[in-house]
Amino acid sequence: ETGVTQSPTHLIKTRGQQVTLRCSSQSGHNTVSWYQQALGQGPQFIFQYYREEENGRGNFPPRFSGLQFPNYSSELNVNALELDDSALYLCASSRTEYNEQFFGPGTRLTVL
Amino acid sequence: GQQVMQIPQYQHVQEGEDFTTYCNSSTTLSNIQWYKQRPGGHPVFLIQLVKSGEVKKQKRLTFQFGEAKKNSSLHITATQTTDVGTYFCAGLRLGSGNTGKLIFGQGTTLQVKP
């Protein structure tokens, strides 16, 4: 198992609500990336944080935002939830921006 | 847009048979990484390839990175039931300011019949 933890493990929200997902990176890792994985699909890159700054973003709207804290843990915030936001949200930490990703167990988000 | 295509989507093999999954990118990649995800689990890193034409082996697994750094393959020799899962390639494309995106393929799901 990796040292990456995520909370909560499961979440049910309704359309229009806002959600915050949390991730603690593995010790010694300064980079956190967030991915959205729909059922039967590969993870889709949302964005990456390196030393508390956003360091790359995928094709996701601005209502997907994030933060990285001085201890390198991170949050993913999603505003105005839509039904299509239902997915597994994976956080991955790495030693540098582009090395192997150590994934957490994910947060399963269901939007009703 | 930037895409990484992976084929086949599914593969069912008899235990002991070989298995190969292929990954193709529309653009040149800085590196390619391979991950395995078991049902209900999260992706687990297998390997990273960086150099053009690179070949790496891990026991029964052989990974290749194409000469043009646009394609890659994973070959498993003599599959075992423990190989069951979905195999993803993920290509890194660097952009301006040295930021990059790790783009995952759709994955190949391997089923192994004992």
# chains A, B, ... in the order shown; residues from 1 in each chain; ligands from 1
$ interface_residues --of "chain A" --to "chain B" --cutoff "12 Å" --atoms "only C-alpha atoms" --output "ChimeraX atom specification"
/A:1-2,4-6,33-50,53-59,88-94,96-108
$ residues_around --residues "B:Arg60" --least-positions-apart "2" --cutoff "8 Å" --atoms "only C-alpha atoms" --output "list in words"
Lys57, Gln58, Thr62, Ile76, Thr77 and Ala78 of chain B
$ write_last_selection --atoms "all heavy atoms" --output "short mmCIF file (atom, residue, chain, number, x, y, z; two decimals), in the first residue's frame"
data_model
loop_
_atom_site.label_atom_id
_atom_site.label_comp_id
_atom_site.auth_asym_id
_atom_site.auth_seq_id
_atom_site.Cartn_x
_atom_site.Cartn_y
_atom_site.Cartn_z
N LYS B 57 12.45 -5.09 -18.68
CA LYS B 57 11.79 -6.34 -18.30
C LYS B 57 11.63 -6.39 -16.79
O LYS B 57 12.51 -5.99 -16.03
CB LYS B 57 12.60 -7.53 -18.79
CG LYS B 57 12.63 -7.68 -20.29
CD LYS B 57 13.21 -9.02 -20.73
CE LYS B 57 13.10 -9.14 -22.23
NZ LYS B 57 13.50 -10.46 -22.73
N GLN B 58 10.48 -6.93 -16.39
CA GLN B 58 10.23 -7.24 -14.99
C GLN B 58 9.67 -8.65 -14.95
O GLN B 58 8.50 -8.87 -15.23
CB GLN B 58 9.18 -6.29 -14.38
CG GLN B 58 9.63 -4.89 -14.14
CD GLN B 58 8.50 -4.04 -13.54
OE1 GLN B 58 7.34 -4.44 -13.48
NE2 GLN B 58 8.84 -2.83 -13.11
N THR B 62 7.39 -7.49 -20.24
CA THR B 62 8.34 -6.76 -21.07
C THR B 62 7.66 -5.49 -21.58
O THR B 62 6.57 -5.55 -22.14
CB THR B 62 8.79 -7.61 -22.28
OG1 THR B 62 9.39 -8.81 -21.80
CG2 THR B 62 9.81 -6.84 -23.11
N ILE B 76 3.07 -9.73 -21.58
CA ILE B 76 3.18 -10.65 -20.45
C ILE B 76 3.33 -12.06 -21.01
O ILE B 76 2.49 -12.53 -21.79
CB ILE B 76 1.96 -10.59 -19.52
CG1 ILE B 76 1.77 -9.16 -18.99
CG2 ILE B 76 2.15 -11.56 -18.35
CD1 ILE B 76 0.55 -9.00 -18.07
N THR B 77 4.36 -12.74 -20.62
CA THR B 77 4.61 -14.12 -21.04
C THR B 77 3.99 -15.08 -20.03
O THR B 77 4.09 -14.86 -18.82
CB THR B 77 6.13 -14.37 -21.11
OG1 THR B 77 6.73 -13.41 -21.97
CG2 THR B 77 6.44 -15.77 -21.61
N ALA B 78 3.33 -16.10 -20.54
CA ALA B 78 2.78 -17.16 -19.69
C ALA B 78 1.95 -16.59 -18.54
O ALA B 78 2.34 -16.66 -17.37
CB ALA B 78 3.90 -18.05 -19.16
#
$ atom_distance --atom1 "atom CA of A:Thr110" --atom2 "atom CA of A:Ser24"
21.8 Å
$ residues_around --residues "stretch 15-19 of chain A" --least-positions-apart "3" --cutoff "8 Å" --atoms "only C-alpha atoms" --output "JSON, numbers by chain"
{"A": [77, 78, 79, 80, 81, 82, 83, 111, 112]}
$ closest_residue --among "B:Leu61, B:Arg38, B:Lys70, B:Tyr10" --to "B:Thr82" --atoms "only C-alpha atoms"
B:Arg38
$ select_by_dssp --residues "chain B" --states "strand (DSSP E)" --output "VMD selection string"
chain B and resid 4 to 7 10 to 14 19 to 25 31 to 37 44 to 49 55 to 58 61 to 65 71 to 76 85 to 94 100 to 104 108 to 113
$ atom_distance --atom1 "atom CA of B:Leu49" --atom2 "atom CA of B:Gln6"
16.5 Å
$ residues_around --residues "B:Leu110" --least-positions-apart "2" --cutoff "6 Å" --atoms "only C-alpha atoms" --output "ChimeraX atom specification"
/B:11-12,84-85
$ atom_distance --atom1 "atom CA of A:Ser25" --atom2 "atom CA of B:Lys51"
28.4 Å
